[in-house]
Amino acid sequence: MTYEQKMNNELDFWKFKTLQKPSLFNKVTDKVQKKINSYIPDKVHSAITTAIKQMVKAVLFGSTFTTSKPVTNLTLMHREALVKQKIDNYKKTGAAEGGITGAGGFLMSLADFPLLLGIKMKMLFDIAAVYGYDVKDYRERLYILHIFQLAFSSKEESQHVFFKMQNWDDKAHQLPTNIDEFDWLTFQQQYRDYIDLAKLAQMLPFVGAAVGAVANYKLIEKLGKTAMMSYRMRHFSLQSIVLSHESTSDFRLEKGN
């Protein structure tokens with residue numbers, strides 16, 4: 001079995017897990033969080049949404065100037081070897097940053113939010129470049145946001161995002177014409193809800209450093225794996241399109257003869 005065949009099998013299993021029905025625990029957690037969100041005034045939701053929107057936009061547009069050019073002429077196996085190295089490096093960076101901010105108490109832990117977000121986004125830009133995609137393209141930045149959503153959303157929302165990401169390269173003409181049309185409210189709510197439980201203990205004295213390091217490590221690890229699977233999905237989807245076109249061309253040639 002070739003490397004690509006093995007990775008395609010891994011991708012199929014990941015798709016199966018992603019599309020599984022939410023467990024009872026997932027459903028209960030989602031209901032509790034939605035109930036909590038219903039008590040938060042719309043003005044607060046709006047303020048949080050605006051803050052995260054500006055933060056993400058700054059990270060997205062700033063990172064384009066520091067990311068390497070798209071890598072070309074490499075096999076999937078070589079690309080993913082490089083991607084795994086980058087993910088390992090970012091996990092170590094995130095763990096170190098989480099440990100430092102966690103040791104600093106409540107105020108330092110609050111600073112961890114934008115710092116961690118920046119680390120995650122920069123990693124996604126680097127991964128995209130290794131897979132051969134130019135992140136200066138608006139559509140690629142939008143795909144990165146979808147990867148982020150897929151990794152840090154509820155089961156129901158992640159499935160919704162997954163279906164939007166399928167056959168991405170065939171849907172380019174359907175994408176929003178402006179990044180401001182992106183659903184920032186859902187983005188910020190899902191991300192905030194996902195990391196609440198993982199990051200809350202980071203603000204506690206004495207254990208904050210250890211919790212911050214482990215939480216950041218795991219969050220970056222999850223995002224890295226989600227990114228790899230997302231780009232594999234595009235890789236094999238494009239392969240199918242090429243094979244389909246070749247088959248059609250061969251049929252036309254035979255018919256012409």
# chains A, B, ... in the order shown; residues from 1 in each chain; ligands from 1
>>> residues_around(residues="range 131-145 of chain A", least_positions_apart="2", cutoff="7 Å", atoms="only C-alpha atoms", output="MDAnalysis selection string")
chainID A and resid 64 69:72 79 124:125 127:129 147:149
>>> atom_distance(atom1="CA of Gly118 in chain A", atom2="CA of Phe13 in chain A")
29.8 Å
>>> closest_residue(among="A:Leu74, A:Met165, A:Ile220, A:Ala172", to="Ser237 in chain A", atoms="only C-alpha atoms")
A:Met165
>>> atom_distance(atom1="CA of Leu82 in chain A", atom2="CA of Val130 in chain A")
7.2 Å
>>> closest_residue(among="A:Asp169, A:Glu221, A:Glu80, A:Asp126", to="Thr67 in chain A", atoms="only C-alpha atoms")
A:Asp126
>>> closest_atom_pairs(of="range 140-175 of chain A", to="range 184-192 of chain A", cutoff="10 Å", atoms="only C-alpha atoms", output="CSV")
residue,atom,partner,partner_atom,distance
A:Leu145,CA,A:Phe187,CA,8.7
A:His146,CA,A:Phe187,CA,9.2
A:Phe148,CA,A:Tyr191,CA,8.5
A:Gln149,CA,A:Phe187,CA,6.5
A:Leu150,CA,A:Gln190,CA,9.8
A:Ala151,CA,A:Tyr191,CA,8.9
A:Phe152,CA,A:Tyr191,CA,5.4
A:Ser153,CA,A:Gln190,CA,4.9
A:Ser154,CA,A:Gln190,CA,6.7
A:Glu157,CA,A:Gln190,CA,8.1
A:Ser158,CA,A:Gln190,CA,9.4
>>> write_last_selection(atoms="C-alpha atoms", output="short mmCIF file (atom, residue, chain, number, x, y, z; two decimals), in the first residue's frame")
data_model
loop_
_atom_site.label_atom_id
_atom_site.label_comp_id
_atom_site.auth_asym_id
_atom_site.auth_seq_id
_atom_site.Cartn_x
_atom_site.Cartn_y
_atom_site.Cartn_z
CA LEU A 145 -10.76 30.30 8.86
CA HIS A 146 -12.90 27.27 8.02
CA PHE A 148 -10.08 26.90 12.51
CA GLN A 149 -13.86 26.61 12.84
CA LEU A 150 -13.78 22.91 12.07
CA ALA A 151 -11.28 22.30 14.86
CA PHE A 152 -12.89 24.47 17.52
CA SER A 153 -16.63 24.14 17.13
CA SER A 154 -19.39 22.01 18.56
CA GLU A 157 -21.36 23.22 13.86
CA SER A 158 -18.18 21.36 12.84
#
>>> closest_residue(among="A:Lys122, A:Gln159, A:Phe182, A:Lys91", to="Phe16 in chain A", atoms="only C-alpha atoms")
A:Gln159
>>> atom_distance(atom1="CA of Leu116 in chain A", atom2="CA of Leu223 in chain A")
11.9 Å
>>> closest_residue(among="A:Lys218, A:His173, A:Lys57, A:Lys6", to="Lys92 in chain A", atoms="only C-alpha atoms")
A:Lys218
>>> residues_around(residues="Arg234 in chain A", least_positions_apart="3", cutoff="8 Å", atoms="only C-alpha atoms", output="MDAnalysis selection string")
chainID A and resid 166:169 230:231 237:238
>>> closest_residue(among="A:Gln85, A:Ser240, A:Thr18, A:Asn216", to="Asp170 in chain A", atoms="only C-alpha atoms")
A:Ser240
